[in-house]
Every structure is written in structure tokens, then in C-alpha cells.
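Participant: What follows is target.cif, mmCIF, C-alpha atoms.
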```cif
data_coords
loop_
_atom_site.label_atom_id
_atom_site.label_comp_id
_atom_site.auth_asym_id
_atom_site.auth_seq_id
_atom_site.Cartn_x
_atom_site.Cartn_y
_atom_site.Cartn_z
CA MET A 1 19.52 11.58 -0.08
CA SER A 2 18.42 10.91 3.50
CA ALA A 3 18.63 7.54 5.21
CA ASP A 4 14.83 7.28 5.54
CA PHE A 5 14.46 7.71 1.76
CA TRP A 6 16.66 4.70 0.97
CA ALA A 7 15.25 2.68 3.87
CA GLY A 8 11.74 3.38 2.59
CA TYR A 9 12.67 2.54 -1.00
CA LEU A 10 14.29 -0.77 -0.07
CA SER A 11 11.46 -1.82 2.24
CA GLY A 12 8.85 -0.97 -0.39
CA ALA A 13 10.55 -3.06 -3.07
CA VAL A 14 10.92 -6.00 -0.68
CA GLY A 15 7.25 -5.74 0.28
CA ILE A 16 6.13 -6.05 -3.34
CA LEU A 17 8.33 -9.09 -3.99
CA VAL A 18 7.01 -10.80 -0.86
CA GLY A 19 3.34 -9.97 -1.33
CA ASN A 20 2.70 -9.94 -5.09
CA PRO A 21 1.21 -13.47 -5.41
CA LEU A 22 -1.43 -12.81 -2.76
CA ASP A 23 -2.02 -9.32 -4.15
CA ILE A 24 -2.93 -10.84 -7.52
CA ILE A 25 -5.54 -13.05 -5.88
CA LYS A 26 -6.95 -10.06 -4.00
CA VAL A 27 -7.29 -7.96 -7.18
CA HIS A 28 -9.09 -10.74 -9.05
CA LEU A 29 -11.50 -11.34 -6.18
CA GLN A 30 -12.29 -7.63 -6.02
CA ALA A 31 -12.81 -7.39 -9.78
CA GLY A 32 -14.89 -10.57 -9.96
CA ASN A 33 -12.54 -12.16 -12.51
CA THR A 34 -11.76 -15.81 -13.15
CA LEU A 35 -8.07 -16.14 -12.43
CA ILE A 36 -9.04 -18.17 -9.39
CA SER A 37 -10.80 -21.49 -9.69
CA GLY A 38 -11.44 -22.87 -6.24
CA THR A 39 -8.04 -22.61 -4.59
CA ARG A 40 -6.02 -23.11 -7.77
CA VAL A 41 -4.23 -20.28 -9.50
CA ARG A 42 -3.90 -20.40 -13.25
CA GLY A 43 -0.22 -21.10 -13.77
CA THR A 44 2.92 -19.93 -12.00
CA ALA A 45 3.37 -17.09 -14.49
CA ALA A 46 0.29 -15.44 -12.99
CA LEU A 47 2.04 -15.11 -9.64
CA ALA A 48 4.60 -12.71 -11.09
CA ALA A 49 2.19 -10.64 -13.17
CA GLY A 50 2.40 -6.90 -12.62
CA THR A 51 5.53 -7.07 -10.46
CA ALA A 52 7.85 -4.76 -12.42
CA ALA A 53 5.82 -1.57 -12.14
CA PRO A 54 5.16 -1.76 -8.39
CA VAL A 55 8.74 -2.81 -7.54
CA LEU A 56 9.98 0.43 -9.09
CA GLY A 57 6.93 2.55 -8.38
CA TYR A 58 6.19 1.29 -4.87
CA GLY A 59 9.83 1.57 -3.89
CA ALA A 60 9.70 5.26 -4.81
CA LEU A 61 6.27 5.59 -3.19
CA ASN A 62 7.46 4.06 0.07
CA ALA A 63 10.54 6.28 0.07
CA LEU A 64 8.36 9.36 -0.39
CA LEU A 65 5.93 8.05 2.21
CA PHE A 66 8.49 7.67 5.00
CA VAL A 67 10.30 10.91 4.22
CA SER A 68 6.97 12.80 4.21
CA TYR A 69 5.81 11.08 7.39
CA ASN A 70 9.00 11.70 9.36
CA ARG A 71 9.01 15.40 8.45
CA SER A 72 5.29 16.05 8.91
CA GLU A 73 5.09 13.99 12.10
CA THR A 74 7.57 16.27 13.84
CA ALA A 75 5.67 19.33 12.58
CA PHE A 76 2.28 18.02 13.75
CA GLN A 77 3.63 16.97 17.15
CA LYS A 78 4.99 20.49 17.65
CA ALA A 79 1.69 21.98 16.48
CA PHE A 80 -0.15 19.83 19.03
CA GLY A 81 2.31 20.95 21.71
CA SER A 82 3.34 17.37 22.41
CA TYR A 83 6.88 17.26 20.97
CA PRO A 84 9.09 15.34 21.82
CA ASP A 85 6.29 13.26 23.37
CA ARG A 86 3.84 11.66 20.97
CA ASN A 87 0.21 12.56 20.40
CA SER A 88 -1.79 9.85 18.62
CA GLY A 89 -3.92 12.42 16.77
CA ALA A 90 -0.81 14.11 15.41
CA THR A 91 0.57 10.73 14.37
CA TRP A 92 -2.62 9.92 12.42
CA LEU A 93 -2.63 13.31 10.70
CA ALA A 94 1.03 12.96 9.76
CA GLY A 95 0.32 9.53 8.27
CA ALA A 96 -2.68 10.90 6.36
CA ALA A 97 -0.63 13.81 5.01
CA SER A 98 2.18 11.51 3.91
CA GLY A 99 -0.32 9.16 2.25
CA LEU A 100 -1.79 12.06 0.32
CA ALA A 101 1.72 13.11 -0.72
CA THR A 102 2.22 9.75 -2.47
CA TRP A 103 -0.84 10.18 -4.71
CA ALA A 104 1.12 11.25 -7.80
CA VAL A 105 3.14 8.01 -7.67
CA SER A 106 0.59 5.55 -6.28
CA THR A 107 -2.20 6.16 -8.80
CA PRO A 108 -0.27 5.28 -12.00
CA THR A 109 1.56 2.48 -10.20
CA GLU A 110 -1.71 0.93 -9.01
CA LEU A 111 -3.36 1.32 -12.41
CA VAL A 112 -0.56 -0.44 -14.30
CA LYS A 113 -0.23 -3.13 -11.61
CA CYS A 114 -3.94 -3.95 -11.54
CA ARG A 115 -4.21 -4.12 -15.33
CA ALA A 116 -1.14 -6.33 -15.58
CA GLN A 117 -2.54 -8.66 -12.93
CA MET A 118 -5.91 -8.84 -14.69
CA SER A 119 -4.42 -9.42 -18.15
CA ALA A 120 -5.42 -12.80 -19.57
CA SER A 121 -2.26 -12.94 -21.70
CA PHE A 122 0.10 -11.87 -18.87
CA GLU A 123 1.05 -8.60 -20.58
CA SER A 124 4.08 -6.89 -19.09
CA SER A 125 3.81 -3.72 -17.04
CA TRP A 126 5.84 -1.89 -19.67
CA ARG A 127 3.50 -2.87 -22.49
CA ILE A 128 0.44 -1.83 -20.50
CA ALA A 129 2.07 1.50 -19.65
CA ARG A 130 2.82 2.09 -23.36
CA ASP A 131 -0.77 1.25 -24.29
CA VAL A 132 -2.14 3.69 -21.72
CA TRP A 133 0.21 6.41 -22.98
CA LYS A 134 -0.73 5.84 -26.63
CA THR A 135 -4.48 5.65 -26.12
CA GLU A 136 -5.08 8.14 -23.32
CA GLY A 137 -1.88 10.09 -22.75
CA PRO A 138 -0.57 11.08 -19.30
CA ARG A 139 -4.10 11.65 -18.03
CA GLY A 140 -4.92 7.98 -18.51
CA PHE A 141 -2.54 7.00 -15.73
CA TYR A 142 -4.64 8.91 -13.22
CA LEU A 143 -7.93 7.10 -13.73
CA GLY A 144 -9.30 6.51 -10.23
CA GLY A 145 -7.00 9.17 -8.80
CA VAL A 146 -9.52 10.70 -6.41
CA ILE A 147 -10.50 7.39 -4.81
CA THR A 148 -6.82 6.39 -4.64
CA ALA A 149 -5.93 9.64 -2.87
CA LEU A 150 -8.76 9.09 -0.38
CA ARG A 151 -7.72 5.48 0.20
CA ASP A 152 -4.06 6.38 0.74
CA SER A 153 -4.75 9.31 3.02
CA ILE A 154 -7.07 7.39 5.35
CA GLY A 155 -5.12 4.15 5.11
CA TYR A 156 -1.69 5.57 5.90
CA GLY A 157 -3.17 7.59 8.74
CA PHE A 158 -4.17 4.32 10.37
CA TYR A 159 -0.94 2.65 9.22
CA PHE A 160 1.44 4.81 11.23
CA TRP A 161 -1.03 5.32 14.06
CA SER A 162 -1.49 1.58 14.61
CA TYR A 163 2.25 0.85 14.31
CA GLU A 164 3.06 3.47 16.95
CA LEU A 165 0.23 2.26 19.18
CA ALA A 166 1.33 -1.38 18.91
CA ASN A 167 4.87 -0.35 19.87
CA ILE A 168 3.59 1.58 22.89
CA TYR A 169 1.59 -1.36 24.23
CA TRP A 170 4.26 -3.97 23.54
CA PRO A 171 5.47 -5.40 26.88
CA PRO A 172 8.67 -3.56 27.89
CA GLY A 173 11.89 -5.52 27.77
CA ILE A 174 15.46 -4.80 28.74
CA GLN A 175 16.25 -1.17 27.98
CA ASN A 176 19.20 -0.68 25.65
CA GLU A 177 20.34 2.61 24.12
CA THR A 178 21.45 0.85 20.95
CA PRO A 179 19.00 -2.05 20.41
CA SER A 180 19.86 -4.54 17.71
CA LEU A 181 17.45 -5.84 15.10
CA ARG A 182 17.84 -9.29 16.63
CA GLN A 183 16.58 -8.01 19.98
CA GLU A 184 13.81 -5.92 18.46
CA GLY A 185 12.90 -8.35 15.66
CA PRO A 186 9.79 -10.03 17.14
CA LYS A 187 8.36 -6.68 18.20
CA ILE A 188 8.95 -5.07 14.78
CA LEU A 189 7.49 -8.02 12.88
CA LEU A 190 4.34 -8.29 14.98
CA CYS A 191 3.70 -4.54 15.21
CA GLY A 192 4.30 -4.15 11.47
CA GLY A 193 1.97 -7.02 10.66
CA VAL A 194 -0.79 -5.65 12.90
CA ALA A 195 -0.40 -2.20 11.31
CA GLY A 196 -0.84 -3.75 7.88
CA ILE A 197 -4.08 -5.51 8.83
CA VAL A 198 -5.53 -2.40 10.51
CA THR A 199 -4.68 -0.30 7.46
CA TRP A 200 -6.36 -2.53 4.90
CA ALA A 201 -9.39 -3.18 7.09
CA SER A 202 -9.93 0.60 7.32
CA VAL A 203 -9.92 1.22 3.56
CA PHE A 204 -10.78 -2.09 1.88
CA PRO A 205 -14.13 -0.94 0.39
CA LEU A 206 -12.34 2.06 -1.15
CA ASP A 207 -9.69 -0.25 -2.57
CA SER A 208 -12.35 -2.49 -4.09
CA ILE A 209 -13.95 0.49 -5.80
CA LYS A 210 -10.56 1.66 -7.05
CA THR A 211 -9.80 -1.76 -8.52
CA ARG A 212 -13.09 -1.81 -10.43
CA ILE A 213 -12.54 1.70 -11.78
CA GLN A 214 -9.00 1.05 -12.96
CA THR A 215 -9.70 -2.33 -14.57
CA GLN A 216 -12.99 -1.52 -16.32
CA HIS A 217 -11.13 -0.96 -19.61
CA LEU A 218 -11.10 -4.76 -20.02
CA SER A 219 -14.88 -4.90 -20.40
CA LEU A 220 -14.94 -1.70 -22.45
CA ARG A 221 -12.79 -3.41 -25.08
CA LEU A 222 -15.57 -5.92 -25.66
CA GLN A 223 -18.44 -3.45 -25.83
CA SER A 224 -18.98 0.18 -26.72
CA ALA A 225 -19.93 1.07 -23.18
CA LYS A 226 -19.38 4.36 -21.46
CA ARG A 227 -16.64 4.57 -18.84
CA LEU A 228 -18.13 4.55 -15.35
CA GLY A 229 -17.43 7.04 -12.60
CA SER A 230 -16.98 6.19 -8.93
CA MET A 231 -20.68 6.40 -8.01
CA ASP A 232 -21.67 4.33 -11.05
CA VAL A 233 -19.19 1.65 -9.99
CA VAL A 234 -20.54 1.69 -6.43
CA ARG A 235 -24.14 1.30 -7.64
CA ASN A 236 -23.18 -1.59 -9.93
CA MET A 237 -21.31 -3.33 -7.12
CA VAL A 238 -24.31 -2.99 -4.79
CA LYS A 239 -26.58 -4.49 -7.47
CA GLU A 240 -24.12 -7.31 -8.08
CA GLY A 241 -23.52 -8.44 -4.52
CA GLY A 242 -24.74 -5.95 -1.92
CA LEU A 243 -22.53 -4.81 0.94
CA PRO A 244 -20.42 -8.03 1.14
CA ILE A 245 -18.98 -7.41 -2.32
CA PHE A 246 -17.00 -4.45 -1.00
CA PHE A 247 -15.15 -6.83 1.33
CA ARG A 248 -14.52 -9.63 -1.16
CA GLY A 249 -10.87 -10.66 -0.84
CA LEU A 250 -10.38 -9.12 2.61
CA THR A 251 -9.20 -12.41 4.15
CA VAL A 252 -6.51 -12.90 1.50
CA CYS A 253 -5.60 -9.23 1.78
CA SER A 254 -5.26 -9.45 5.57
CA ILE A 255 -2.89 -12.43 5.33
CA ARG A 256 -0.86 -10.59 2.72
CA ALA A 257 -0.93 -7.37 4.75
CA PHE A 258 0.50 -9.07 7.83
CA ILE A 259 3.33 -10.78 5.94
CA VAL A 260 4.22 -7.81 3.73
CA ASN A 261 4.17 -5.15 6.43
CA ALA A 262 6.03 -7.29 8.92
CA ALA A 263 8.76 -7.66 6.29
CA GLN A 264 8.64 -4.00 5.27
CA TRP A 265 8.99 -2.66 8.78
CA ALA A 266 11.80 -5.12 9.55
CA VAL A 267 13.72 -3.99 6.44
CA TYR A 268 13.01 -0.31 7.17
CA GLU A 269 14.14 -0.52 10.80
CA TRP A 270 17.25 -2.53 9.84
CA ALA A 271 18.17 -0.02 7.13
CA MET A 272 17.69 2.93 9.47
CA MET A 273 19.84 1.28 12.13
CA GLU A 274 22.53 0.66 9.51
CA PHE A 275 22.39 3.96 7.61
CA SER A 276 21.67 6.45 10.40
CA LYS A 277 23.91 6.61 13.45
CA ASP A 278 21.46 8.87 15.27
CA TYR A 279 18.41 6.69 14.67
CA LYS A 280 16.61 5.37 17.70
CA ARG A 281 13.49 3.28 17.52
CA LYS A 282 10.38 4.94 18.88
#
```
Could you take the file, read its structure, and then write that structure out as C-alpha cells?
Facilitator:
Amino acid sequence: MSADFWAGYLSGAVGILVGNPLDIIKVHLQAGNTLISGTRVRGTAALAAGTAAPVLGYGALNALLFVSYNRSETAFQKAFGSYPDRNSGATWLAGAASGLATWAVSTPTELVKCRAQMSASFESSWRIARDVWKTEGPRGFYLGGVITALRDSIGYGFYFWSYELANIYWPPGIQNETPSLRQEGPKILLCGGVAGIVTWASVFPLDSIKTRIQTQHLSLRLQSAKRLGSMDVVRNMVKEGGLPIFFRGLTVCSIRAFIVNAAQWAVYEWAMMEFSKDYKRK
């Protein structure tokens, strides 16, 4: 397989390990649950909840994401007549296309992760996946698939666009045909962190809706209520807290996004420099 596949896989897995504790807090804030009491988190076991599924799933997702982006980005740049120069519109479209391409992996991964994180008894990802399979079959893993696809397409469009833009406007340093990670490290970390914040800020309301849709089975267990669609969830959220509820957890998410994406881009760029002799940073 290509170098960008393995670089993407490794960076995705590292990102989950780094960011899972803050991701758990974000999910509970979005869902309006009680894992959080003030600033205290209920036990250290909660910080690892739902890690297994995204480490495997998000590693594969990130690998698919970068492979799709690198291929489609070249195609879009040529279509815009800007290759080998870079057109920001083509970059955004390539990111959106690659985000959409990850839908088949991201939806079940997100569903299992969110349910594991919301589980009061800290159920494992594997047990939750088995329960979904037994009760709903393969289709059950794609609950919230449309909103996830929309979130990923828009979000990853801004993800790659903002990373490229941050690199362009970074103050130029000493030019070197073969830059080392040590030389490029501060730039990669900051640009990656900024890209993460921009991405989540652009799609956070969609992510909040997705979280509510995918975790509503918890309340359905306690009452014979009908499963809600996306618009029903939106109406209920508006009644519950108005517009601000769609941004609940954004601060925690932004902190996590900076840390995780700084680490992910550093790992990706390092892996590409190590695995691909022809790789040159953009």
C-alpha cells in the first residue's frame, strides 16, 4: 500500500489516543448527560471509554481520507487549470470529496464510539457493536449516516483548506530541499492545530445533532418512544436550550481539536518524510 495510507493510518490512531479523554467530555456535553459534575470526571475508567473502536476505525478512516484527498486534490487542481500551483477552491473540494469518501467507515465508528462513551457501565466497544448487530443488523451501524456524511464532507473541506492556507501564510524560513521534521515541527504543529479548530467550528452544530441521533437508544431503552429523525432531534434541541445548545462543548472540542490535529499532522508529515523519498512538504 502507498506511503500516505500508512501515514494516515498511524496519525489517525495516534490522534484518538491523544484526544479520547476530551472527546468523551465533548460527547456528554452535547448529549446533555451527567458524566461531568462541575469539572470532575466520573472515574479514570471513563477516560478510556470507547477507545478501541475509533483506534481501529479512525486509523482506517484517516488512511482512506489522506489517500482520497491526495488523489482527488491533484485531479481538482488540474480541472481548475491551476496544477502544479494550488487553487484554494480546488483544495476545499478535494477535502470535501475525501470526507465524503470516508462515510462508510466514519458512521459506524462514530456510532459505536459515542455509545461506548455514554455507557453508564463502561461497556466495551466490542460489546456495543455486537448488541447493534444482534438488535438491528448491519443497518443499525448507519444510524445518523446522512448527517455524518454532511458533517464529514463540509468539515474535511475546511480541514485541508485551512491547513494549506496556514502553511501559505506561515512566515518563510530558510529554504531547504529536504527539510527535517525538527526544522518544520513548529509550523506543522501550529498549522495542524489551527486546521483542527477551524474544522470543528465549521461543523459543530451538525456534530451535536449527530451525537443526539446516535445516542438516543439510551432513552429509548427506558420508554417505548419512537426513534427520532434529524429534524425531530433539531426541534427538541431548540426547545431544550435554543441556539446555544448546538454549540455546547465547543470550547472543550476546540482544545481537543488543536492538540489532536497538531499531533496528527506531525505524525503524518514525519511518516511521509520517512516512507516516501519523493515527498516534499507543500
Participant: What does the structure give for the distance between atom CA of Thr251 of chain A and atom CA of Phe141 of chain A, in Å to one decimal?
Facilitator: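 Interatomic distance, atom CA of Thr251 of chain A to atom CA of Phe141 of chain A: 28.6 Å.
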Participant: Pick from A:Ser72, A:Gln77, A:Ser202, A:Gln117: nearest to Leu250 of chain A, with all atoms listed in the file counted?
Facilitator: A:Ser202
Participant: Could you list the residues chosen by the PyMOL selection byres ((chain A and resi 10) around 9) in this structure as a count of residues only?
Facilitator: 18
Participant: Taking all atoms listed in the file into account, which of A:Gly144, A:Gly193, A:Pro171, A:Gly249 comes nearest Ile213 of chain A?
Facilitator: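 Smallest distance to Ile213 of chain A is found for A:Gly144.
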Participant: Mind checking which residues fall within 12 Å of Gly241 of chain A, counting all atoms listed in the file, ignoring those fewer than 5 positions away in the same chain, and posting them as a PyMOL selection string?
Facilitator: chain A and resi 30-32+234-236+246-248
Participant: Specify as a ChimeraX atom specification each residue included when the PyMOL selection byres ((chain A and resi 205-210) around 10) is applied to this file.
Facilitator: /A:26-27,29-31,107,110-111,114,143-148,150-152,154-155,200-204,211-215,230-231,233-234,237,243-250
Participant: Just the number, please: distance in Å from atom CA of Thr199 of chain A to atom CA of Phe76 of chain A, one decimal.
Facilitator: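 Atom CA of Thr199 of chain A sits 20.6 Å away from atom CA of Phe76 of chain A.
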Participant: Find the residue from A:Val238, A:Ala166, A:Tyr58, A:Met272 that sits nearest to Asn20 of chain A; use only C-alpha atoms when measuring.
Facilitator: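 Closest residue, counting only C-alpha atoms: A:Tyr58.
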Participant: Under the rule that all atoms listed in the file are counted, which of A:Gly242, A:Gly157, A:Pro186, A:Gly229 is the nearest residue to Leu93 of chain A?
Facilitator: A:Gly157
Participant: Measure the distance from atom CA of Ala94 of chain A to atom CA of Tyr156 of chain A in Å and round it to one decimal.
Facilitator: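 Spanning atom CA of Ala94 of chain A to atom CA of Tyr156 of chain A is a straight-line distance of 8.8 Å.
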Participant: Given the file shown, determine the residues that the PyMOL selection byres ((chain A and resi 262) around 10) selects; report them as a PyMOL selection string.
Facilitator: chain A and resi 15+185-196+256-261+263-267
Participant: Write out as a list in words which residues come within 12 Å of Leu165 of chain A when counting all atoms listed in the file, dropping same-chain ones fewer than 6 positions away.
Facilitator: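 So, after excluding close chain neighbours, the residues are Arg86, Asn87, Ser88, Gly89, Thr91, Trp92, Phe158, Tyr159, Cys191, Gly192, Val194, Ala195, Val198 and Lys282 of chain A.
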